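Student: File run-v1.cif below, mmCIF, C-alpha atoms and all ligand atoms:
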```cif
data_final
#
loop_
_atom_site.label_atom_id
_atom_site.label_comp_id
_atom_site.auth_asym_id
_atom_site.auth_seq_id
_atom_site.Cartn_x
_atom_site.Cartn_y
_atom_site.Cartn_z
CA MET S 77 -2.10 8.15 80.29
CA ILE S 78 1.17 6.65 79.13
CA ALA S 79 0.45 3.56 81.20
CA LYS S 80 -2.95 3.20 79.56
CA ILE S 81 -1.41 3.57 76.10
CA ASN S 82 1.19 0.92 76.87
CA GLU S 83 -1.48 -1.45 78.09
CA LEU S 84 -3.51 -0.96 74.91
CA LEU S 85 -0.39 -1.37 72.78
CA GLN S 86 0.20 -4.80 74.29
CA GLU S 87 -3.42 -5.76 73.78
CA VAL S 88 -3.39 -4.61 70.17
CA GLU S 89 -0.24 -6.52 69.33
CA ALA S 90 -1.80 -9.74 70.61
CA LEU S 91 -5.15 -9.30 68.87
CA LYS S 92 -6.71 -12.47 67.49
CA ALA S 93 -9.99 -13.10 65.72
CA ALA S 94 -11.47 -16.42 64.75
CA ASN S 95 -13.77 -15.01 62.10
CA ALA S 96 -14.82 -11.83 60.37
CA ASP S 97 -17.47 -11.04 63.00
CA GLU S 98 -14.97 -11.21 65.81
CA LEU S 99 -12.64 -9.00 63.83
CA GLU S 100 -15.35 -6.40 63.29
CA ALA S 101 -16.04 -6.42 67.04
CA LEU S 102 -12.34 -5.71 67.65
CA ARG S 103 -12.35 -2.90 65.13
CA ILE S 104 -15.32 -1.33 66.88
CA LYS S 105 -13.68 -1.83 70.27
CA TYR S 106 -10.43 -0.10 69.32
CA LEU S 107 -10.88 2.01 66.23
CA SER S 108 -14.48 3.19 66.01
CA LYS S 109 -15.52 6.70 67.06
CA LYS S 110 -16.43 5.47 70.48
CA GLY S 111 -13.55 3.00 70.60
CA ALA S 112 -10.77 2.89 73.18
CA ILE S 113 -8.24 4.80 71.09
CA ASN S 114 -10.60 7.61 70.23
CA GLU S 115 -11.46 7.88 73.88
CA LEU S 116 -7.79 8.44 74.61
CA MET S 117 -7.67 11.04 71.82
CA THR S 118 -10.47 12.88 73.58
CA ASP S 119 -8.60 12.71 76.87
CA PHE S 120 -5.50 14.05 75.10
CA ARG S 121 -6.91 17.53 75.60
CA ASN S 122 -6.34 17.19 79.32
CA VAL S 123 -2.71 16.14 79.06
CA ALA S 124 -0.25 18.62 80.52
CA VAL S 125 1.47 20.72 77.89
CA GLU S 126 4.98 19.44 78.62
CA GLN S 127 3.78 15.84 78.14
CA LYS S 128 1.76 16.51 75.01
CA LYS S 129 4.62 15.75 72.63
CA GLU S 130 5.47 12.34 74.02
CA VAL S 131 1.89 11.29 74.70
CA GLY S 132 0.90 12.43 71.23
CA MET S 133 3.61 10.31 69.62
CA ARG S 134 2.70 7.27 71.69
CA LEU S 135 -0.95 7.73 70.88
CA ASN S 136 -0.25 7.90 67.16
CA GLU S 137 1.89 4.82 67.47
CA LEU S 138 -0.97 3.00 69.16
CA LYS S 139 -3.45 4.05 66.50
CA ASN S 140 -1.15 2.96 63.68
CA LYS S 141 -0.41 -0.37 65.33
CA ALA S 142 -4.12 -1.02 65.87
CA GLN S 143 -4.93 -0.19 62.24
CA GLU S 144 -2.06 -2.34 60.97
CA ARG S 145 -3.01 -5.28 63.15
CA ILE S 146 -6.67 -5.20 62.17
CA ALA S 147 -5.78 -4.78 58.49
CA ALA S 148 -3.43 -7.77 58.73
CA LEU S 149 -6.11 -9.93 60.34
CA LYS S 150 -8.60 -8.85 57.68
CA GLU S 151 -6.23 -9.76 54.89
CA GLN S 152 -5.73 -13.17 56.43
CA PHE S 153 -9.47 -13.79 56.36
CA GLU S 154 -9.83 -12.53 52.84
CA SER S 155 -7.08 -14.74 51.46
CA GLN S 156 -8.66 -17.73 53.19
CA ASP S 157 -12.08 -16.67 51.99
CA SER S 158 -11.14 -16.28 48.38
CA GLY S 159 -10.29 -20.00 48.29
CA CYS S 160 -13.48 -20.93 50.03
CA ASP S 161 -15.85 -18.71 48.11
CA ASP S 162 -15.30 -20.60 44.88
CA LEU S 163 -15.46 -23.97 46.50
CA ASP S 164 -19.01 -25.20 46.35
CA LEU S 165 -19.02 -28.91 46.85
CA THR S 166 -22.71 -29.15 46.08
CA ARG S 167 -22.29 -27.71 42.60
CA SER S 168 -22.61 -30.10 39.67
CA ALA S 169 -19.46 -30.66 37.62
CA TYR S 170 -18.70 -28.45 34.64
CA PRO S 171 -20.24 -30.01 31.56
CA ILE S 172 -17.35 -31.88 29.97
CA LYS S 173 -17.53 -31.66 26.21
CA LEU S 174 -17.69 -35.16 24.83
CA GLY S 175 -15.84 -35.94 21.65
CA THR S 176 -17.76 -37.28 18.70
CA ARG S 177 -17.31 -40.63 17.07
CA HIS S 178 -15.50 -40.45 13.74
CA PRO S 179 -17.85 -40.91 10.76
CA LEU S 180 -15.76 -43.84 9.52
CA SER S 181 -16.13 -45.54 12.89
CA ILE S 182 -19.87 -44.91 12.88
CA VAL S 183 -20.23 -46.54 9.48
CA LYS S 184 -17.78 -49.34 10.27
CA ASN S 185 -19.77 -50.21 13.40
CA GLU S 186 -23.00 -50.16 11.41
CA ILE S 187 -21.53 -52.59 8.87
CA ILE S 188 -20.22 -54.84 11.63
CA ASP S 189 -23.63 -54.79 13.37
CA ILE S 190 -25.42 -55.88 10.22
CA PHE S 191 -23.05 -58.78 9.62
CA ALA S 192 -22.99 -59.70 13.30
CA ARG S 193 -26.76 -60.21 13.11
CA LEU S 194 -26.08 -62.69 10.30
CA GLY S 195 -23.66 -64.66 12.47
CA PHE S 196 -20.35 -63.16 11.33
CA SER S 197 -17.68 -62.53 13.93
CA ILE S 198 -14.84 -60.01 13.76
CA ALA S 199 -11.34 -61.06 12.72
CA GLU S 200 -8.32 -58.81 12.47
CA GLY S 201 -4.86 -59.11 11.00
CA PRO S 202 -1.63 -57.08 10.83
CA GLU S 203 -1.33 -53.95 8.71
CA VAL S 204 2.33 -54.69 8.06
CA GLU S 205 2.02 -57.94 6.16
CA ASP S 206 4.02 -60.32 4.05
CA ASP S 207 3.62 -60.93 0.34
CA TRP S 208 2.13 -64.36 0.95
CA HIS S 209 -0.95 -63.24 2.88
CA VAL S 210 -1.64 -60.16 0.76
CA PHE S 211 -1.00 -61.67 -2.67
CA SER S 212 0.31 -65.21 -3.14
CA ALA S 213 -2.17 -67.00 -0.88
CA LEU S 214 -4.94 -65.09 -2.64
CA ASN S 215 -4.02 -66.40 -6.09
CA PHE S 216 -2.32 -63.27 -7.41
CA ALA S 217 -0.03 -64.24 -10.29
CA GLU S 218 3.68 -63.39 -9.88
CA ASP S 219 3.33 -60.56 -12.39
CA HIS S 220 -0.04 -59.21 -11.26
CA PRO S 221 -0.04 -55.40 -11.57
CA ALA S 222 -1.26 -54.96 -7.99
CA ARG S 223 2.16 -56.05 -6.80
CA ASP S 224 3.64 -53.20 -8.73
CA MET S 225 5.61 -50.61 -6.81
CA GLN S 226 3.00 -48.07 -7.98
CA ASP S 227 0.32 -49.51 -5.75
CA THR S 228 2.07 -51.17 -2.87
CA PHE S 229 4.24 -49.70 -0.14
CA PHE S 230 7.08 -52.16 0.34
CA ILE S 231 9.46 -52.07 3.27
CA GLU S 232 12.70 -50.94 1.67
CA SER S 233 15.05 -53.33 3.39
CA HIS S 234 12.71 -56.29 2.99
CA PRO S 235 10.84 -56.68 -0.33
CA ASP S 236 8.70 -59.45 1.10
CA ILE S 237 7.20 -57.20 3.79
CA LEU S 238 4.66 -54.57 2.83
CA LEU S 239 1.71 -52.50 4.04
CA ARG S 240 -1.39 -54.48 3.19
CA THR S 241 -3.27 -53.13 0.21
CA HIS S 242 -6.53 -54.80 1.17
CA THR S 243 -8.15 -56.55 4.12
CA SER S 244 -8.48 -59.71 2.01
CA SER S 245 -5.17 -60.67 3.64
CA VAL S 246 -7.13 -61.45 6.79
CA GLN S 247 -9.02 -64.13 4.83
CA SER S 248 -5.88 -66.19 4.41
CA ARG S 249 -4.71 -65.47 7.97
CA VAL S 250 -7.97 -66.94 9.28
CA MET S 251 -8.30 -69.82 6.83
CA GLU S 252 -4.80 -71.12 7.48
CA VAL S 253 -5.57 -71.63 11.17
CA SER S 254 -9.29 -72.51 11.13
CA GLU S 255 -11.57 -75.31 10.10
CA PRO S 256 -14.81 -74.43 8.29
CA PRO S 257 -17.42 -73.25 8.93
CA ILE S 258 -15.75 -69.85 8.83
CA ARG S 259 -17.90 -66.75 8.96
CA ILE S 260 -15.86 -63.62 9.56
CA ILE S 261 -15.91 -59.91 9.01
CA CYS S 262 -12.58 -58.08 8.90
CA PRO S 263 -12.51 -54.31 9.29
CA GLY S 264 -9.22 -52.49 8.99
CA ARG S 265 -6.92 -49.92 7.47
CA VAL S 266 -5.20 -50.50 4.15
CA TYR S 267 -2.48 -48.64 2.26
CA ARG S 268 -1.84 -47.83 -1.38
CA ASN S 269 0.76 -45.71 -3.04
CA GLU S 270 -1.68 -43.15 -4.46
CA ALA S 271 -1.28 -39.41 -4.92
CA ILE S 272 -3.45 -37.74 -2.29
CA SER S 273 -6.41 -35.83 -3.70
CA TYR S 274 -10.07 -35.23 -2.89
CA ARG S 275 -10.89 -38.71 -4.15
CA ALA S 276 -7.82 -40.82 -3.28
CA HIS S 277 -5.62 -41.23 -0.26
CA CYS S 278 -2.58 -43.33 0.56
CA PHE S 279 -4.54 -45.04 3.31
CA PHE S 280 -8.20 -45.89 3.65
CA HIS S 281 -10.43 -48.46 5.32
CA GLN S 282 -12.08 -51.64 4.19
CA VAL S 283 -14.36 -54.31 5.51
CA GLU S 284 -13.96 -57.82 4.20
CA ALA S 285 -16.41 -60.67 4.74
CA LEU S 286 -15.75 -64.37 4.23
CA TYR S 287 -18.00 -67.37 4.55
CA VAL S 288 -16.65 -70.89 3.98
CA ASP S 289 -18.72 -73.99 4.59
CA LYS S 290 -20.17 -76.99 2.79
CA ASN S 291 -22.52 -76.13 -0.09
CA VAL S 292 -22.10 -72.35 -0.01
CA SER S 293 -23.45 -71.01 -3.29
CA PHE S 294 -23.69 -67.77 -5.21
CA THR S 295 -27.34 -67.58 -4.14
CA ASP S 296 -26.23 -67.32 -0.51
CA LEU S 297 -23.90 -64.48 -1.45
CA LYS S 298 -26.59 -62.64 -3.36
CA GLN S 299 -29.04 -62.94 -0.48
CA VAL S 300 -26.55 -61.55 2.03
CA LEU S 301 -25.68 -58.71 -0.32
CA LEU S 302 -29.32 -57.74 -0.74
CA LEU S 303 -29.91 -57.88 2.97
CA PHE S 304 -26.85 -55.78 3.67
CA ALA S 305 -27.83 -53.13 1.09
CA LYS S 306 -31.35 -52.81 2.49
CA GLU S 307 -30.16 -52.60 6.09
CA MET S 308 -27.47 -50.08 5.26
CA PHE S 309 -29.26 -47.85 2.77
CA GLY S 310 -32.96 -48.44 3.34
CA ALA S 311 -35.60 -51.03 2.47
CA ASP S 312 -36.23 -49.60 -1.01
CA THR S 313 -32.61 -50.13 -2.10
CA LYS S 314 -32.10 -52.34 -5.14
CA ILE S 315 -28.89 -54.16 -6.02
CA ARG S 316 -27.32 -55.17 -9.29
CA LEU S 317 -24.35 -57.47 -9.86
CA ARG S 318 -21.95 -56.97 -12.74
CA PRO S 319 -19.39 -59.60 -13.76
CA SER S 320 -15.88 -58.61 -12.77
CA TYR S 321 -12.47 -60.06 -12.06
CA PHE S 322 -10.52 -60.57 -8.83
CA PRO S 323 -7.72 -63.14 -8.54
CA PHE S 324 -9.19 -64.63 -5.37
CA THR S 325 -12.79 -65.14 -6.50
CA GLU S 326 -14.32 -67.09 -9.36
CA PRO S 327 -16.80 -66.03 -10.51
CA SER S 328 -16.33 -62.43 -9.37
CA ALA S 329 -18.77 -59.56 -9.39
CA GLU S 330 -19.10 -55.93 -8.49
CA MET S 331 -22.22 -54.80 -6.76
CA ASP S 332 -24.08 -51.57 -7.48
CA ILE S 333 -26.93 -50.21 -5.41
CA SER S 334 -29.67 -47.96 -6.69
CA CYS S 335 -28.36 -44.44 -6.05
CA ASN S 336 -29.57 -43.51 -2.61
CA ILE S 337 -29.15 -39.81 -3.31
CA CYS S 338 -31.60 -39.55 -6.22
CA GLY S 339 -33.45 -42.79 -5.51
CA GLY S 340 -32.27 -44.22 -8.84
CA LYS S 341 -33.66 -41.43 -11.03
CA GLY S 342 -30.19 -40.19 -12.04
CA CYS S 343 -28.11 -37.36 -10.55
CA PRO S 344 -24.54 -36.03 -10.77
CA PHE S 345 -23.47 -38.36 -7.95
CA CYS S 346 -24.42 -41.51 -9.91
CA LYS S 347 -23.38 -39.85 -13.15
CA HIS S 348 -27.04 -40.02 -14.19
CA THR S 349 -27.03 -43.81 -14.32
CA GLY S 350 -29.16 -44.35 -11.20
CA TRP S 351 -26.58 -46.84 -9.86
CA VAL S 352 -23.47 -46.58 -7.70
CA GLU S 353 -20.83 -49.24 -7.19
CA ILE S 354 -20.17 -50.20 -3.59
CA LEU S 355 -18.27 -53.47 -3.36
CA GLY S 356 -16.46 -56.40 -4.94
CA CYS S 357 -17.42 -59.98 -4.27
CA GLY S 358 -17.45 -63.53 -5.58
CA MET S 359 -17.09 -67.22 -4.83
CA VAL S 360 -13.74 -67.98 -3.20
CA ASP S 361 -11.45 -69.40 -5.88
CA PRO S 362 -10.69 -73.09 -5.14
CA ASN S 363 -6.97 -72.22 -5.47
CA VAL S 364 -7.33 -69.86 -2.53
CA LEU S 365 -9.01 -72.50 -0.38
CA GLU S 366 -6.27 -75.00 -1.25
CA SER S 367 -3.41 -72.51 -0.67
CA ASN S 368 -4.79 -71.95 2.80
CA GLY S 369 -5.24 -75.60 3.69
CA ILE S 370 -8.95 -76.04 3.03
CA ASP S 371 -10.20 -78.91 0.86
CA SER S 372 -11.95 -77.28 -2.09
CA LYS S 373 -13.74 -80.53 -3.00
CA VAL S 374 -15.56 -80.45 0.33
CA TYR S 375 -15.91 -76.75 0.98
CA SER S 376 -16.89 -73.66 -0.92
CA GLY S 377 -17.26 -70.06 0.12
CA TYR S 378 -18.02 -66.49 -0.80
CA ALA S 379 -16.14 -63.31 -0.04
CA LEU S 380 -16.83 -59.64 -0.37
CA GLY S 381 -14.92 -56.46 0.29
CA MET S 382 -15.89 -52.81 0.48
CA GLY S 383 -14.32 -49.44 1.21
CA ILE S 384 -15.68 -47.78 4.33
CA GLU S 385 -14.96 -44.30 2.95
CA ARG S 386 -17.07 -45.09 -0.08
CA ILE S 387 -20.04 -46.26 1.99
CA THR S 388 -19.66 -43.24 4.28
CA ASN S 389 -19.68 -40.92 1.25
CA LEU S 390 -22.86 -42.49 0.04
CA LYS S 391 -24.52 -42.10 3.42
CA TYR S 392 -23.26 -38.62 4.25
CA GLN S 393 -22.05 -37.15 0.94
CA VAL S 394 -18.59 -36.20 2.12
CA LYS S 395 -17.13 -34.62 -1.00
CA ASP S 396 -13.45 -34.58 -0.10
CA LEU S 397 -11.85 -37.77 1.16
CA ARG S 398 -9.10 -35.84 2.90
CA MET S 399 -11.64 -34.57 5.44
CA PHE S 400 -11.61 -38.01 7.04
CA SER S 401 -8.02 -37.68 8.19
CA GLU S 402 -7.71 -33.96 8.95
CA ASN S 403 -9.28 -34.10 12.41
CA ASP S 404 -11.09 -30.83 11.84
CA THR S 405 -13.51 -30.73 14.74
CA ARG S 406 -16.01 -28.64 12.73
CA PHE S 407 -16.33 -31.56 10.32
CA LEU S 408 -16.36 -34.21 13.05
CA LYS S 409 -19.03 -32.33 15.03
CA GLU S 410 -21.44 -32.73 12.12
CA PHE S 411 -21.70 -36.40 13.04
CA GLU S 412 -22.64 -35.74 16.66
CA ALA S 413 -26.21 -36.85 16.12
CA ALA S 414 -25.35 -39.86 14.00
CA TYR S 415 -24.70 -42.34 16.76
N1 LIG E 501 -9.79 -56.83 -2.05
C1 LIG E 501 -10.56 -56.14 -3.04
C2 LIG E 501 -10.01 -54.72 -3.20
O1 LIG E 501 -9.28 -54.28 -2.36
C3 LIG E 501 -11.99 -56.09 -2.66
C4 LIG E 501 -12.63 -57.42 -2.79
C5 LIG E 501 -13.16 -57.83 -3.97
C6 LIG E 501 -12.66 -58.26 -1.71
C7 LIG E 501 -13.78 -59.05 -4.11
C8 LIG E 501 -13.27 -59.52 -1.84
C9 LIG E 501 -13.82 -59.90 -3.04
O2 LIG E 501 -13.32 -60.38 -0.81
O3 LIG E 501 -14.42 -61.11 -3.14
O4 LIG E 501 -10.33 -54.06 -4.13
#
```
Could you show the structure in this file as structure tokens?

Tutor:
Amino acid sequence: MIAKINELLQEVEALKAANADELEALRIKYLSKKGAINELMTDFRNVAVEQKKEVGMRLNELKNKAQERIAALKEQFESQDSGCDDLDLTRSAYPIKLGTRHPLSIVKNEIIDIFARLGFSIAEGPEVEDDWHVFSALNFAEDHPARDMQDTFFIESHPDILLRTHTSSVQSRVMEVSEPPIRIICPGRVYRNEAISYRAHCFFHQVEALYVDKNVSFTDLKQVLLLFAKEMFGADTKIRLRPSYFPFTEPSAEMDISCNICGGKGCPFCKHTGWVEILGCGMVDPNVLESNGIDSKVYSGYALGMGIERITNLKYQVKDLRMFSENDTRFLKEFEAAY
């Protein structure tokens, strides 16, 4: 009996199983009711009394070893399995949540698209600019209030360097290195020293357009403005030009569109006038052409500039300008369907 136990002990210690089925077969072979160990337990009855103690101990040892070994093999399979169970290479990937395009980008791209269809190409310039490109080259007088510390962020150590206050600076950047015809659209961020509130921020976005060629007239400007307004706000949109003043255009105008919220009938948004202002424009002042190396006797041009936040507000009625820079995903998600 002892010899049999020893033999089984050796077998049990060397047990191996390649998979769960093989392991189950081993369990049945050694540990089930009719298994080898139970058989020995049955035979235990016939063991001589003086041997019972030793044989009993050896038998228990065998049983424990067999249980331990089979449990260890089982654990090994389970730990391998738990990795494999989750791994389904045929499964489609988790849906990755896409971000949404920012409303200002949506509107900026729409503006660019409209002007691109009219033959305008994109031009960009630096946000940290010098006084020349932001003011002097655009015919701002030395004492023009826009240069005032109130409006402009100057670089402390260098009073000639500043954060551009408008994208009109790109006009002069392009004119100084190009020959007409010039037909550009300049989107970008601009900075002004304003107290932040629901209707003003220290940075915002503009789009500037410039066309310089021979025989460019105010009629051309007006036609492009009308086309832009209809494309942007719908075919029923009307425009109206009011005389205005900008240092870099002469004559200058501001353009209103019929309020697209009430359709021109009058509402709180348009302060019951039926009109809302959306941009500044005019014929490029000959001084500006000359300052930037373009012969004003041969060439003329028009320019226009608008705030992207303003256009976005009109399209989507965003009441608080600060929402545009807070990155609140609940706000941004509202524009999921807009592009
Ligand atoms: N630069 C002006 C501003 O920031 C906007 C503007 C007005 C641009 C008239 C123009 C223009 O090109 O012709 O308020």

Student: With a distance cut-off of 6 Å and all atoms listed in the file, select the neighbouring residues of Gly381 in chain S, excluding the residue or stretch itself and same-chain residues fewer than 3 positions from it, and output the selection as a ChimeraX atom specification.

Tutor: /S:283-284,355-356

Student: Between CA of Gln393 in chain S and CA of Arg275 in chain S, what is the spacing in Å?

Tutor: 12.4 Å

Student: Residues near range 172-176 of chain S, anyone? I mean within 7 Å using only C-alpha atoms, not counting same-chain ones fewer than 3 positions away, as a count of residues only.

Tutor: 4

Student: Give me, as a Markdown table, the closest atom pair and its distance (Å, one decimal) for every residue of chain S within a cut-off of 9 Å of ligand LIG 501 (chain E), counting only C-alpha atoms and all ligand atoms, rows sorted by chain and rising number.

Tutor:
```
| residue | atom | partner | partner_atom | distance |
| --- | --- | --- | --- | --- |
| S:Thr241 | CA | E:LIG501 | O1 | 6.6 |
| S:His242 | CA | E:LIG501 | O1 | 4.5 |
| S:Thr243 | CA | E:LIG501 | N1 | 6.4 |
| S:Ser244 | CA | E:LIG501 | N1 | 5.1 |
| S:Ser245 | CA | E:LIG501 | N1 | 8.3 |
| S:Gln247 | CA | E:LIG501 | O2 | 8.0 |
| S:Val266 | CA | E:LIG501 | O1 | 8.6 |
| S:Gln282 | CA | E:LIG501 | O1 | 7.6 |
| S:Val283 | CA | E:LIG501 | C6 | 8.4 |
| S:Glu284 | CA | E:LIG501 | O2 | 5.7 |
| S:Ala285 | CA | E:LIG501 | O2 | 6.4 |
| S:Leu286 | CA | E:LIG501 | O2 | 6.9 |
| S:Ser320 | CA | E:LIG501 | C7 | 8.9 |
| S:Tyr321 | CA | E:LIG501 | C7 | 8.1 |
| S:Phe322 | CA | E:LIG501 | C7 | 5.9 |
| S:Pro323 | CA | E:LIG501 | C7 | 8.5 |
| S:Phe324 | CA | E:LIG501 | O3 | 6.7 |
| S:Thr325 | CA | E:LIG501 | O3 | 5.5 |
| S:Glu326 | CA | E:LIG501 | O3 | 8.6 |
| S:Ser328 | CA | E:LIG501 | O3 | 6.6 |
| S:Ala329 | CA | E:LIG501 | C7 | 7.3 |
| S:Glu330 | CA | E:LIG501 | C7 | 7.6 |
| S:Leu355 | CA | E:LIG501 | C5 | 6.7 |
| S:Gly356 | CA | E:LIG501 | C5 | 3.7 |
| S:Cys357 | CA | E:LIG501 | O3 | 3.4 |
| S:Gly358 | CA | E:LIG501 | O3 | 4.6 |
| S:Met359 | CA | E:LIG501 | O3 | 6.9 |
| S:Val360 | CA | E:LIG501 | O3 | 6.9 |
| S:Tyr378 | CA | E:LIG501 | O3 | 6.9 |
| S:Ala379 | CA | E:LIG501 | O2 | 4.1 |
| S:Leu380 | CA | E:LIG501 | O2 | 3.6 |
| S:Gly381 | CA | E:LIG501 | C6 | 3.5 |
| S:Met382 | CA | E:LIG501 | C3 | 6.0 |
| S:Gly383 | CA | E:LIG501 | O1 | 7.8 |
```

Student: Okay, now the selection with C-alpha atoms, as a PDB file, in the frame of the given file?

Tutor:
```pdb
ATOM      1  CA  THR S 241      -3.270 -53.130   0.210  1.00  0.00           C
ATOM      2  CA  HIS S 242      -6.530 -54.800   1.170  1.00  0.00           C
ATOM      3  CA  THR S 243      -8.150 -56.550   4.120  1.00  0.00           C
ATOM      4  CA  SER S 244      -8.480 -59.710   2.010  1.00  0.00           C
ATOM      5  CA  SER S 245      -5.170 -60.670   3.640  1.00  0.00           C
ATOM      6  CA  GLN S 247      -9.020 -64.130   4.830  1.00  0.00           C
ATOM      7  CA  VAL S 266      -5.200 -50.500   4.150  1.00  0.00           C
ATOM      8  CA  GLN S 282     -12.080 -51.640   4.190  1.00  0.00           C
ATOM      9  CA  VAL S 283     -14.360 -54.310   5.510  1.00  0.00           C
ATOM     10  CA  GLU S 284     -13.960 -57.820   4.200  1.00  0.00           C
ATOM     11  CA  ALA S 285     -16.410 -60.670   4.740  1.00  0.00           C
ATOM     12  CA  LEU S 286     -15.750 -64.370   4.230  1.00  0.00           C
ATOM     13  CA  SER S 320     -15.880 -58.610 -12.770  1.00  0.00           C
ATOM     14  CA  TYR S 321     -12.470 -60.060 -12.060  1.00  0.00           C
ATOM     15  CA  PHE S 322     -10.520 -60.570  -8.830  1.00  0.00           C
ATOM     16  CA  PRO S 323      -7.720 -63.140  -8.540  1.00  0.00           C
ATOM     17  CA  PHE S 324      -9.190 -64.630  -5.370  1.00  0.00           C
ATOM     18  CA  THR S 325     -12.790 -65.140  -6.500  1.00  0.00           C
ATOM     19  CA  GLU S 326     -14.320 -67.090  -9.360  1.00  0.00           C
ATOM     20  CA  SER S 328     -16.330 -62.430  -9.370  1.00  0.00           C
ATOM     21  CA  ALA S 329     -18.770 -59.560  -9.390  1.00  0.00           C
ATOM     22  CA  GLU S 330     -19.100 -55.930  -8.490  1.00  0.00           C
ATOM     23  CA  LEU S 355     -18.270 -53.470  -3.360  1.00  0.00           C
ATOM     24  CA  GLY S 356     -16.460 -56.400  -4.940  1.00  0.00           C
ATOM     25  CA  CYS S 357     -17.420 -59.980  -4.270  1.00  0.00           C
ATOM     26  CA  GLY S 358     -17.450 -63.530  -5.580  1.00  0.00           C
ATOM     27  CA  MET S 359     -17.090 -67.220  -4.830  1.00  0.00           C
ATOM     28  CA  VAL S 360     -13.740 -67.980  -3.200  1.00  0.00           C
ATOM     29  CA  TYR S 378     -18.020 -66.490  -0.800  1.00  0.00           C
ATOM     30  CA  ALA S 379     -16.140 -63.310  -0.040  1.00  0.00           C
ATOM     31  CA  LEU S 380     -16.830 -59.640  -0.370  1.00  0.00           C
ATOM     32  CA  GLY S 381     -14.920 -56.460   0.290  1.00  0.00           C
ATOM     33  CA  MET S 382     -15.890 -52.810   0.480  1.00  0.00           C
ATOM     34  CA  GLY S 383     -14.320 -49.440   1.210  1.00  0.00           C
TER      35      GLY S 383
END
```

Student: Hey, which bits of range 191-258 of chain S sit within 12 Å of range 298-312 of chain S, and for each residue what's the closest pair of atoms and how far apart in Å (one decimal), counting only C-alpha atoms, rows by chain and increasing number, as JSON lines?

Tutor:
```
{"residue": "S:Phe191", "atom": "CA", "partner": "S:Phe304", "partner_atom": "CA", "distance": 7.7}
{"residue": "S:Ala192", "atom": "CA", "partner": "S:Phe304", "partner_atom": "CA", "distance": 11.1}
{"residue": "S:Arg193", "atom": "CA", "partner": "S:Phe304", "partner_atom": "CA", "distance": 10.4}
{"residue": "S:Leu194", "atom": "CA", "partner": "S:Val300", "partner_atom": "CA", "distance": 8.4}
{"residue": "S:Gly195", "atom": "CA", "partner": "S:Val300", "partner_atom": "CA", "distance": 11.3}
{"residue": "S:Phe196", "atom": "CA", "partner": "S:Val300", "partner_atom": "CA", "distance": 11.3}
```

Student: For Glu115 in chain S, which of S:Leu397, S:Ala90, S:Ile384, S:Leu84 is the closest residue, counting only C-alpha atoms?

Tutor: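 Closest candidate: S:Leu84.
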
Student: Residues near range 127-139 of chain S, anyone? I mean within 8 Å using all atoms listed in the file, not counting same-chain ones fewer than 5 positions away, as a ChimeraX atom specification.

Tutor: /S:77-78,81,84-85,107,113,116-117,120

Student: Restricting the calculation to only C-alpha atoms: of S:Glu87, S:Ser273, S:Ile146, S:Ala124, which residue gets closest to Ile104 in chain S?

Tutor: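 Nearest to Ile104 in chain S: S:Ile146.
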
Student: Take range 193-203 of chain S from the preceding structure and save N, CA and C atoms as a JSON list (two decimals), in the first residue's frame.

Tutor:
```
[["chain", "number", "residue", "atom", "x", "y", "z"],
["S", 193, "ARG", "N", -14.82, 81.36, -53.15],
["S", 193, "ARG", "CA", -15.59, 81.19, -54.40],
["S", 193, "ARG", "C", -15.51, 82.43, -55.27],
["S", 194, "LEU", "N", -15.19, 83.57, -54.64],
["S", 194, "LEU", "CA", -15.06, 84.83, -55.39],
["S", 194, "LEU", "C", -13.61, 85.08, -55.80],
["S", 195, "GLY", "N", -12.75, 84.13, -55.56],
["S", 195, "GLY", "CA", -11.37, 84.25, -56.02],
["S", 195, "GLY", "C", -10.39, 84.79, -55.00],
["S", 196, "PHE", "N", -10.82, 84.92, -53.75],
["S", 196, "PHE", "CA", -9.91, 85.42, -52.71],
["S", 196, "PHE", "C", -9.09, 84.26, -52.14],
["S", 197, "SER", "N", -7.82, 84.52, -51.87],
["S", 197, "SER", "CA", -7.03, 83.48, -51.23],
["S", 197, "SER", "C", -6.60, 83.94, -49.83],
["S", 198, "ILE", "N", -6.29, 82.98, -48.98],
["S", 198, "ILE", "CA", -6.02, 83.28, -47.57],
["S", 198, "ILE", "C", -4.62, 83.86, -47.39],
["S", 199, "ALA", "N", -4.53, 84.90, -46.57],
["S", 199, "ALA", "CA", -3.21, 85.43, -46.18],
["S", 199, "ALA", "C", -3.20, 85.56, -44.66],
["S", 200, "GLU", "N", -2.06, 85.32, -44.07],
["S", 200, "GLU", "CA", -1.96, 85.45, -42.62],
["S", 200, "GLU", "C", -0.76, 86.30, -42.23],
["S", 201, "GLY", "N", -0.82, 86.86, -41.05],
["S", 201, "GLY", "CA", 0.31, 87.67, -40.58],
["S", 201, "GLY", "C", 0.50, 87.43, -39.09],
["S", 202, "PRO", "N", 1.55, 88.01, -38.51],
["S", 202, "PRO", "CA", 1.84, 87.76, -37.09],
["S", 202, "PRO", "C", 0.87, 88.46, -36.15],
["S", 203, "GLU", "N", 0.63, 87.82, -35.00],
["S", 203, "GLU", "CA", -0.23, 88.46, -33.99],
["S", 203, "GLU", "C", 0.58, 89.48, -33.17]]
```
